[in-house]
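Student: Next up is a structure, given as structure tokens.
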Amino acid sequence: MAAPIFALVDCDHFYVSCERVFQPRLEARPVVVLSNNDGCIIARSQEAKALGLAMGDPYHLTRETLARHSVDIFSSNYALYGDMSRRVMETLAAQASEVEVYSIDEAFLNLAGLEWRGLTDYASHLQATVRRHTGIPVSIGIGPTKTLAKIANHLAKAHPDAGGVFEIAAVDVDHALAGVEVGDVWGIGRRWAAWLAGQGIHTARDLKHADPKAIRRKMTVVGERIVYELNGRSCLPLELVAPPRKGLTVSRSFGQPLTRLEPITEALLQFVGRAGEKLRRQRLMTEHVMVFVMTNRFSTTRPFYSQSATMRLPYPTDYTPDLLRAAVQLLERIYRPGFHYQKCGVMLMDLSPAAYHRRDLFNTRDQVRQSRLMCALDQLNADHGAHTVHFGNLGGSRPVWAMRQAFRSPRYTTNWKELPVVR
DNA sequence: TCTGGGGTCCTAGGACCC
DNA sequence: TCTGGGGTCCTAGGACCC
């Protein structure tokens with residue numbers, strides 16, 4: 001079998017590009033997208049990067065800069081981004097036979113067998129096709145390993161004259177790697193970059209020529225593999241089928257700090273309801289429920305408190321009332337009066353396919369009825385919008401714990417009431 | 001007032017078993 | 001005098017990713 005040739009297709013400032021598709025006036029302007037709760041900056045257009053705005057900058061600390069430069073600000077709109085991502089991935093799947101969806105805005109492809117077309121030409125064609133079908137700009141890096149394809153992608157973005165496509169094998173690899181900081185290598189985070197700098201390793205080229213065994217002693221087999229991958233020896237194969245997921249979390253910061261148990265319980269019930277939906281959509285069941293609460297870890301005036309509790313369920317389940325019961329008990333176990341809570345969440349662990357557990361002879365619950373009930377509930381919420389039917393008491397108006405979302409764009413592609421209007 | 005959310009993998013060390 | 005050794009499972013902690 002031919003050695004794989006990896007291409008990494010990465011959407012350019014993806015969330016900003018999604019907003020631009022529906023609001024062309026945003027082209028060539030500084031635009032940022034904020035995280036949930038309008039907490040910090042998680043996507044920046046090129047023009048916003050040029051203003052010195054960094055990934056992860058807290059919104060409340062950059063507010064003045066944003067205003068001074070008339071930066072367009074958006075709350076994150078995951079209904080929109082998720083749907084646009086699906087369109088991009090479908091376009092790629094139609095163009096290449098082996099595609100691994102790596103994240104909401106990235107995919108690895110195997111281009112082996114396409115050399116006769118010219119890899120760079122093929123990538124440019126792919127780039128144009130995605131743009132035409134979805135409106136989303138992408139950059140493509142090509143290399144003999146995933147790590148080198150990632151670096152090629154980084155170089156494609158760093159050198160605009162490359163046209164957004166870069167094939168590392170087409171240039172002097174060592175020379176190219178010498179221009180990449182070691183902290184920009186895939187898998188090297190802040191901690192390891194600092195340690196490597198202390199060892200005199202500053203660039204991707206330095207790391208490529210480091211002793212893999214010495215790297216392994218500090219950075220485990222993960223670091224060792226990075227060294228091999230930089231040398232063109234592929235250790236990370238394309239994963240064509242997604243491995244089964246191990247756990248599932250739903251958590252949010254509150255729009256304001258909460259002290260009383262009641263609103264925290266209300267928020268948690270919503271999160272559990274959402275977790276149940278996710279579980280059923282993926283046809284999974286859970287055996288462990290974990291609930292956690294925490295106060296603001298950045299506060300200098302109030303004490304920090306963070307606690308979690310776990311419960312093993314008597315049987316695997318995907319029935320929301322089972323989960324709600326467990327969650328309420330767990331929350332009561334860890335809630336302490338007197339703290340200003342900022343966030344809570346639920347984690348479902350030990351997931352397994354629901355198909356393994358249906359028709360459990362020793363289980364006397366009416367599983368058929370429960371399953372029909374959950375199906376009906378999920379269908380109603382899918383047809384009429386989330387929260388049409390829900391657990392707990394939202395009281396009609398906006399709950400006190402609702403997250404801040406001051407700048408959200410319409411859900412153009414997933415909500416009939418918010419379709420874009422062409423005038 | 002105001003700092004996201006959702007994941008993965010690896011290792012060391014302790015408990016336990018035979 | 002002398003106190004095994006190997007396997008498995010679990011958990012906590014630390015690192016990373018987008």
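By convention here, the chains of the structure tokens are called A, B, ... in the order presented, each chain's residues are numbered starting at 1, and ligands are numbered starting at 1 in the order presented.
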Mind checking which residues fall within 10 Å of B:DT1, counting only C-alpha atoms (C1' of nucleotides), ignoring those fewer than 2 positions away in the same chain, and posting them as a count of residues only?

Tutor: 3

Student: Return as a VMD selection string the residues belonging to chain A that are within 6 Å of chain B, counting only C-alpha atoms (C1' of nucleotides).

Tutor: chain A and resid 35 to 36 39 58 60

Student: Pull all heavy atoms from the residues just selected and write them as a PDB file, in the first residue's frame.

Tutor:
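Printed below is result-v7.pdb as written:
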```
ATOM      1  N   SER A  35     -16.511  33.835  23.193  1.00  0.00           N
ATOM      2  CA  SER A  35     -16.870  32.516  23.716  1.00  0.00           C
ATOM      3  C   SER A  35     -18.269  32.569  24.327  1.00  0.00           C
ATOM      4  O   SER A  35     -18.873  33.634  24.447  1.00  0.00           O
ATOM      5  CB  SER A  35     -15.876  32.132  24.805  1.00  0.00           C
ATOM      6  OG  SER A  35     -15.992  33.037  25.888  1.00  0.00           O
ATOM      7  N   ASN A  36     -18.746  31.434  24.778  1.00  0.00           N
ATOM      8  CA  ASN A  36     -19.995  31.396  25.530  1.00  0.00           C
ATOM      9  C   ASN A  36     -19.934  32.414  26.665  1.00  0.00           C
ATOM     10  O   ASN A  36     -18.863  32.674  27.216  1.00  0.00           O
ATOM     11  CB  ASN A  36     -20.202  30.010  26.140  1.00  0.00           C
ATOM     12  CG  ASN A  36     -20.892  29.081  25.161  1.00  0.00           C
ATOM     13  OD1 ASN A  36     -21.671  29.518  24.316  1.00  0.00           O
ATOM     14  ND2 ASN A  36     -20.610  27.807  25.266  1.00  0.00           N
ATOM     15  N   GLY A  39     -17.433  35.679  27.198  1.00  0.00           N
ATOM     16  CA  GLY A  39     -16.297  35.726  28.122  1.00  0.00           C
ATOM     17  C   GLY A  39     -15.013  36.217  27.501  1.00  0.00           C
ATOM     18  O   GLY A  39     -14.433  37.210  27.943  1.00  0.00           O
ATOM     19  N   PRO A  58      -9.754  38.280  27.525  1.00  0.00           N
ATOM     20  CA  PRO A  58     -11.079  38.520  28.111  1.00  0.00           C
ATOM     21  C   PRO A  58     -11.748  39.714  27.445  1.00  0.00           C
ATOM     22  O   PRO A  58     -11.104  40.744  27.223  1.00  0.00           O
ATOM     23  CB  PRO A  58     -10.778  38.825  29.580  1.00  0.00           C
ATOM     24  CG  PRO A  58      -9.430  38.269  29.840  1.00  0.00           C
ATOM     25  CD  PRO A  58      -8.688  38.358  28.529  1.00  0.00           C
ATOM     26  N   HIS A  60     -13.993  41.733  28.620  1.00  0.00           N
ATOM     27  CA  HIS A  60     -14.138  42.934  29.456  1.00  0.00           C
ATOM     28  C   HIS A  60     -12.845  43.736  29.578  1.00  0.00           C
ATOM     29  O   HIS A  60     -12.872  44.896  29.957  1.00  0.00           O
ATOM     30  CB  HIS A  60     -14.709  42.577  30.831  1.00  0.00           C
ATOM     31  CG  HIS A  60     -13.774  41.831  31.723  1.00  0.00           C
ATOM     32  ND1 HIS A  60     -13.056  42.420  32.726  1.00  0.00           N
ATOM     33  CD2 HIS A  60     -13.425  40.527  31.752  1.00  0.00           C
ATOM     34  CE1 HIS A  60     -12.312  41.527  33.338  1.00  0.00           C
ATOM     35  NE2 HIS A  60     -12.519  40.366  32.780  1.00  0.00           N
TER      36      HIS A  60
END
```

Student: Expressed in Å to a single decimal, how great is the separation between atom CA of A:Arg44 and atom CA of A:Ser253?

Tutor: 22.3 Å

Student: Mind the document's chain letters and residue numbers, and return as number ranges by chain the residues of stretch 66-137 of chain A that DSSP labels helix (DSSP H, G or I).

Tutor: A: 66-68, 78-95, 115-117, 119-134

Student: Would you save the residues of that selection, restricted to N, CA and C atoms, as a short mmCIF file (atom, residue, chain, number, x, y, z; two decimals), in the first residue's frame?

Tutor:
```
data_model
loop_
_atom_site.label_atom_id
_atom_site.label_comp_id
_atom_site.auth_asym_id
_atom_site.auth_seq_id
_atom_site.Cartn_x
_atom_site.Cartn_y
_atom_site.Cartn_z
N LEU A 66 -11.68 47.39 21.29
CA LEU A 66 -12.68 46.98 20.31
C LEU A 66 -13.52 48.17 19.87
N ALA A 67 -13.89 49.01 20.83
CA ALA A 67 -14.72 50.17 20.51
C ALA A 67 -13.93 51.19 19.70
N ARG A 68 -12.69 51.41 20.09
CA ARG A 68 -11.86 52.42 19.44
C ARG A 68 -11.68 52.12 17.95
N TYR A 78 -23.24 28.59 17.89
CA TYR A 78 -22.81 27.24 17.52
C TYR A 78 -23.81 26.53 16.61
N ALA A 79 -25.07 26.94 16.65
CA ALA A 79 -26.03 26.33 15.72
C ALA A 79 -25.57 26.64 14.30
N LEU A 80 -25.16 27.88 14.07
CA LEU A 80 -24.68 28.27 12.74
C LEU A 80 -23.35 27.62 12.39
N TYR A 81 -22.38 27.66 13.32
CA TYR A 81 -21.04 27.15 13.00
C TYR A 81 -21.07 25.63 12.77
N GLY A 82 -21.88 24.95 13.58
CA GLY A 82 -21.98 23.50 13.43
C GLY A 82 -22.54 23.13 12.07
N ASP A 83 -23.53 23.88 11.63
CA ASP A 83 -24.15 23.58 10.34
C ASP A 83 -23.22 23.93 9.19
N MET A 84 -22.51 25.02 9.30
CA MET A 84 -21.55 25.39 8.24
C MET A 84 -20.41 24.37 8.18
N SER A 85 -20.00 23.88 9.34
CA SER A 85 -18.95 22.87 9.40
C SER A 85 -19.40 21.62 8.64
N ARG A 86 -20.64 21.21 8.89
CA ARG A 86 -21.17 20.03 8.21
C ARG A 86 -21.10 20.21 6.68
N ARG A 87 -21.42 21.41 6.21
CA ARG A 87 -21.37 21.66 4.77
C ARG A 87 -19.96 21.56 4.22
N VAL A 88 -19.00 22.12 4.97
CA VAL A 88 -17.60 22.05 4.53
C VAL A 88 -17.16 20.59 4.46
N MET A 89 -17.46 19.82 5.52
CA MET A 89 -17.01 18.43 5.58
C MET A 89 -17.66 17.58 4.48
N GLU A 90 -18.92 17.87 4.18
CA GLU A 90 -19.59 17.13 3.11
C GLU A 90 -18.93 17.43 1.76
N THR A 91 -18.55 18.67 1.56
CA THR A 91 -17.86 19.03 0.32
C THR A 91 -16.54 18.28 0.21
N LEU A 92 -15.79 18.22 1.30
CA LEU A 92 -14.51 17.51 1.28
C LEU A 92 -14.71 16.02 1.01
N ALA A 93 -15.73 15.45 1.66
CA ALA A 93 -15.98 14.01 1.51
C ALA A 93 -16.32 13.67 0.06
N ALA A 94 -16.93 14.63 -0.64
CA ALA A 94 -17.29 14.38 -2.03
C ALA A 94 -16.07 14.47 -2.95
N GLN A 95 -14.98 15.07 -2.46
CA GLN A 95 -13.81 15.31 -3.29
C GLN A 95 -12.66 14.35 -3.01
N GLU A 115 -0.90 12.14 -7.01
CA GLU A 115 0.33 12.87 -7.38
C GLU A 115 0.30 13.29 -8.85
N TRP A 116 -0.28 12.43 -9.69
CA TRP A 116 -0.29 12.71 -11.14
C TRP A 116 -1.00 14.02 -11.46
N ARG A 117 -1.90 14.43 -10.58
CA ARG A 117 -2.59 15.70 -10.83
C ARG A 117 -1.78 16.90 -10.34
N LEU A 119 -0.04 17.73 -6.50
CA LEU A 119 -0.72 17.86 -5.20
C LEU A 119 -1.14 19.30 -4.91
N THR A 120 -0.28 20.22 -5.27
CA THR A 120 -0.61 21.63 -5.01
C THR A 120 -1.79 22.07 -5.86
N ASP A 121 -1.80 21.64 -7.11
CA ASP A 121 -2.92 21.99 -8.00
C ASP A 121 -4.22 21.39 -7.47
N TYR A 122 -4.11 20.13 -7.03
CA TYR A 122 -5.32 19.47 -6.52
C TYR A 122 -5.85 20.21 -5.30
N ALA A 123 -4.92 20.59 -4.41
CA ALA A 123 -5.33 21.30 -3.19
C ALA A 123 -5.97 22.64 -3.53
N SER A 124 -5.44 23.31 -4.52
CA SER A 124 -6.02 24.60 -4.91
C SER A 124 -7.43 24.42 -5.46
N HIS A 125 -7.61 23.33 -6.20
CA HIS A 125 -8.94 23.02 -6.73
C HIS A 125 -9.92 22.76 -5.58
N LEU A 126 -9.44 22.00 -4.58
CA LEU A 126 -10.25 21.68 -3.40
C LEU A 126 -10.64 22.96 -2.66
N GLN A 127 -9.67 23.81 -2.50
CA GLN A 127 -9.88 25.09 -1.81
C GLN A 127 -10.96 25.91 -2.52
N ALA A 128 -10.88 25.97 -3.85
CA ALA A 128 -11.85 26.75 -4.63
C ALA A 128 -13.25 26.12 -4.53
N THR A 129 -13.28 24.78 -4.52
CA THR A 129 -14.57 24.09 -4.46
C THR A 129 -15.28 24.37 -3.13
N VAL A 130 -14.51 24.29 -2.03
CA VAL A 130 -15.11 24.56 -0.72
C VAL A 130 -15.62 26.00 -0.68
N ARG A 131 -14.85 26.90 -1.23
CA ARG A 131 -15.25 28.31 -1.22
C ARG A 131 -16.54 28.51 -2.00
N ARG A 132 -16.60 27.85 -3.16
CA ARG A 132 -17.77 28.02 -4.03
C ARG A 132 -19.01 27.41 -3.39
N HIS A 133 -18.86 26.24 -2.76
CA HIS A 133 -20.02 25.54 -2.21
C HIS A 133 -20.49 26.10 -0.87
N THR A 134 -19.57 26.67 -0.10
CA THR A 134 -19.95 27.06 1.26
C THR A 134 -19.67 28.52 1.59
#
```

Student: Could you pull out all residues of stretch 303-415 of chain A with a DSSP call of strand (DSSP E or B) and give them as a PDB file with N, CA, C and O atoms, in the first residue's frame?

Tutor:
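Resulting contents of out_0.pdb:
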```pdb
ATOM      1  N   SER A 306     -14.685  24.717  44.711  1.00  0.00           N
ATOM      2  CA  SER A 306     -14.917  23.867  43.549  1.00  0.00           C
ATOM      3  C   SER A 306     -15.089  22.455  44.063  1.00  0.00           C
ATOM      4  O   SER A 306     -14.255  21.963  44.821  1.00  0.00           O
ATOM      5  N   GLN A 307     -16.180  21.817  43.697  1.00  0.00           N
ATOM      6  CA  GLN A 307     -16.434  20.489  44.233  1.00  0.00           C
ATOM      7  C   GLN A 307     -17.218  19.659  43.226  1.00  0.00           C
ATOM      8  O   GLN A 307     -17.976  20.199  42.423  1.00  0.00           O
ATOM      9  N   SER A 308     -17.002  18.376  43.270  1.00  0.00           N
ATOM     10  CA  SER A 308     -17.769  17.494  42.399  1.00  0.00           C
ATOM     11  C   SER A 308     -18.182  16.255  43.169  1.00  0.00           C
ATOM     12  O   SER A 308     -17.599  15.940  44.210  1.00  0.00           O
ATOM     13  N   ALA A 309     -19.174  15.583  42.656  1.00  0.00           N
ATOM     14  CA  ALA A 309     -19.614  14.323  43.257  1.00  0.00           C
ATOM     15  C   ALA A 309     -20.102  13.413  42.147  1.00  0.00           C
ATOM     16  O   ALA A 309     -20.615  13.884  41.134  1.00  0.00           O
ATOM     17  N   THR A 310     -19.907  12.130  42.339  1.00  0.00           N
ATOM     18  CA  THR A 310     -20.224  11.150  41.311  1.00  0.00           C
ATOM     19  C   THR A 310     -21.176  10.101  41.867  1.00  0.00           C
ATOM     20  O   THR A 310     -21.091   9.752  43.034  1.00  0.00           O
ATOM     21  N   MET A 311     -22.045   9.612  41.018  1.00  0.00           N
ATOM     22  CA  MET A 311     -22.935   8.524  41.421  1.00  0.00           C
ATOM     23  C   MET A 311     -22.944   7.456  40.345  1.00  0.00           C
ATOM     24  O   MET A 311     -23.032   7.771  39.153  1.00  0.00           O
ATOM     25  N   ARG A 312     -22.841   6.222  40.792  1.00  0.00           N
ATOM     26  CA  ARG A 312     -22.983   5.113  39.868  1.00  0.00           C
ATOM     27  C   ARG A 312     -24.462   4.758  39.807  1.00  0.00           C
ATOM     28  O   ARG A 312     -25.109   4.583  40.838  1.00  0.00           O
ATOM     29  N   LEU A 313     -24.986   4.644  38.617  1.00  0.00           N
ATOM     30  CA  LEU A 313     -26.406   4.329  38.467  1.00  0.00           C
ATOM     31  C   LEU A 313     -26.596   2.818  38.540  1.00  0.00           C
ATOM     32  O   LEU A 313     -25.680   2.060  38.202  1.00  0.00           O
ATOM     33  N   PRO A 314     -27.776   2.378  38.975  1.00  0.00           N
ATOM     34  CA  PRO A 314     -27.984   0.935  39.127  1.00  0.00           C
ATOM     35  C   PRO A 314     -27.993   0.188  37.789  1.00  0.00           C
ATOM     36  O   PRO A 314     -27.805  -1.026  37.762  1.00  0.00           O
ATOM     37  N   TYR A 315     -28.214   0.908  36.699  1.00  0.00           N
ATOM     38  CA  TYR A 315     -28.223   0.264  35.380  1.00  0.00           C
ATOM     39  C   TYR A 315     -27.876   1.342  34.352  1.00  0.00           C
ATOM     40  O   TYR A 315     -28.091   2.525  34.597  1.00  0.00           O
ATOM     41  N   PRO A 316     -27.346   0.954  33.204  1.00  0.00           N
ATOM     42  CA  PRO A 316     -27.074   1.955  32.156  1.00  0.00           C
ATOM     43  C   PRO A 316     -28.388   2.559  31.678  1.00  0.00           C
ATOM     44  O   PRO A 316     -29.382   1.834  31.520  1.00  0.00           O
ATOM     45  N   THR A 317     -28.403   3.851  31.466  1.00  0.00           N
ATOM     46  CA  THR A 317     -29.656   4.503  31.092  1.00  0.00           C
ATOM     47  C   THR A 317     -29.428   5.670  30.145  1.00  0.00           C
ATOM     48  O   THR A 317     -28.338   6.237  30.112  1.00  0.00           O
ATOM     49  N   TYR A 341     -21.526  31.214  43.331  1.00  0.00           N
ATOM     50  CA  TYR A 341     -21.259  30.212  42.292  1.00  0.00           C
ATOM     51  C   TYR A 341     -21.289  30.850  40.913  1.00  0.00           C
ATOM     52  O   TYR A 341     -22.116  31.704  40.627  1.00  0.00           O
ATOM     53  N   GLN A 342     -20.368  30.385  40.071  1.00  0.00           N
ATOM     54  CA  GLN A 342     -20.261  30.962  38.736  1.00  0.00           C
ATOM     55  C   GLN A 342     -20.568  29.940  37.642  1.00  0.00           C
ATOM     56  O   GLN A 342     -20.864  30.291  36.512  1.00  0.00           O
ATOM     57  N   LYS A 343     -20.478  28.677  37.992  1.00  0.00           N
ATOM     58  CA  LYS A 343     -20.593  27.666  36.943  1.00  0.00           C
ATOM     59  C   LYS A 343     -21.000  26.339  37.560  1.00  0.00           C
ATOM     60  O   LYS A 343     -20.617  26.028  38.687  1.00  0.00           O
ATOM     61  N   CYS A 344     -21.771  25.577  36.794  1.00  0.00           N
ATOM     62  CA  CYS A 344     -21.997  24.196  37.201  1.00  0.00           C
ATOM     63  C   CYS A 344     -22.125  23.346  35.946  1.00  0.00           C
ATOM     64  O   CYS A 344     -22.192  23.875  34.834  1.00  0.00           O
ATOM     65  N   GLY A 345     -22.098  22.047  36.134  1.00  0.00           N
ATOM     66  CA  GLY A 345     -22.188  21.197  34.961  1.00  0.00           C
ATOM     67  C   GLY A 345     -22.417  19.749  35.335  1.00  0.00           C
ATOM     68  O   GLY A 345     -22.353  19.366  36.504  1.00  0.00           O
ATOM     69  N   VAL A 346     -22.701  18.971  34.316  1.00  0.00           N
ATOM     70  CA  VAL A 346     -22.920  17.540  34.506  1.00  0.00           C
ATOM     71  C   VAL A 346     -22.043  16.784  33.515  1.00  0.00           C
ATOM     72  O   VAL A 346     -21.872  17.209  32.375  1.00  0.00           O
ATOM     73  N   MET A 347     -21.449  15.705  33.984  1.00  0.00           N
ATOM     74  CA  MET A 347     -20.681  14.831  33.100  1.00  0.00           C
ATOM     75  C   MET A 347     -21.286  13.435  33.163  1.00  0.00           C
ATOM     76  O   MET A 347     -21.552  12.932  34.249  1.00  0.00           O
ATOM     77  N   LEU A 348     -21.471  12.838  31.996  1.00  0.00           N
ATOM     78  CA  LEU A 348     -21.930  11.457  31.930  1.00  0.00           C
ATOM     79  C   LEU A 348     -20.731  10.624  31.502  1.00  0.00           C
ATOM     80  O   LEU A 348     -20.069  10.945  30.510  1.00  0.00           O
ATOM     81  N   MET A 349     -20.432   9.577  32.263  1.00  0.00           N
ATOM     82  CA  MET A 349     -19.216   8.791  31.981  1.00  0.00           C
ATOM     83  C   MET A 349     -19.562   7.317  31.806  1.00  0.00           C
ATOM     84  O   MET A 349     -20.676   6.903  32.091  1.00  0.00           O
ATOM     85  N   SER A 352     -21.759   3.598  26.755  1.00  0.00           N
ATOM     86  CA  SER A 352     -21.730   2.392  25.926  1.00  0.00           C
ATOM     87  C   SER A 352     -22.942   2.418  25.000  1.00  0.00           C
ATOM     88  O   SER A 352     -23.932   3.083  25.293  1.00  0.00           O
ATOM     89  N   PRO A 353     -22.850   1.711  23.887  1.00  0.00           N
ATOM     90  CA  PRO A 353     -23.950   1.746  22.911  1.00  0.00           C
ATOM     91  C   PRO A 353     -25.259   1.267  23.527  1.00  0.00           C
ATOM     92  O   PRO A 353     -25.288   0.240  24.213  1.00  0.00           O
TER      93      PRO A 353
END
```
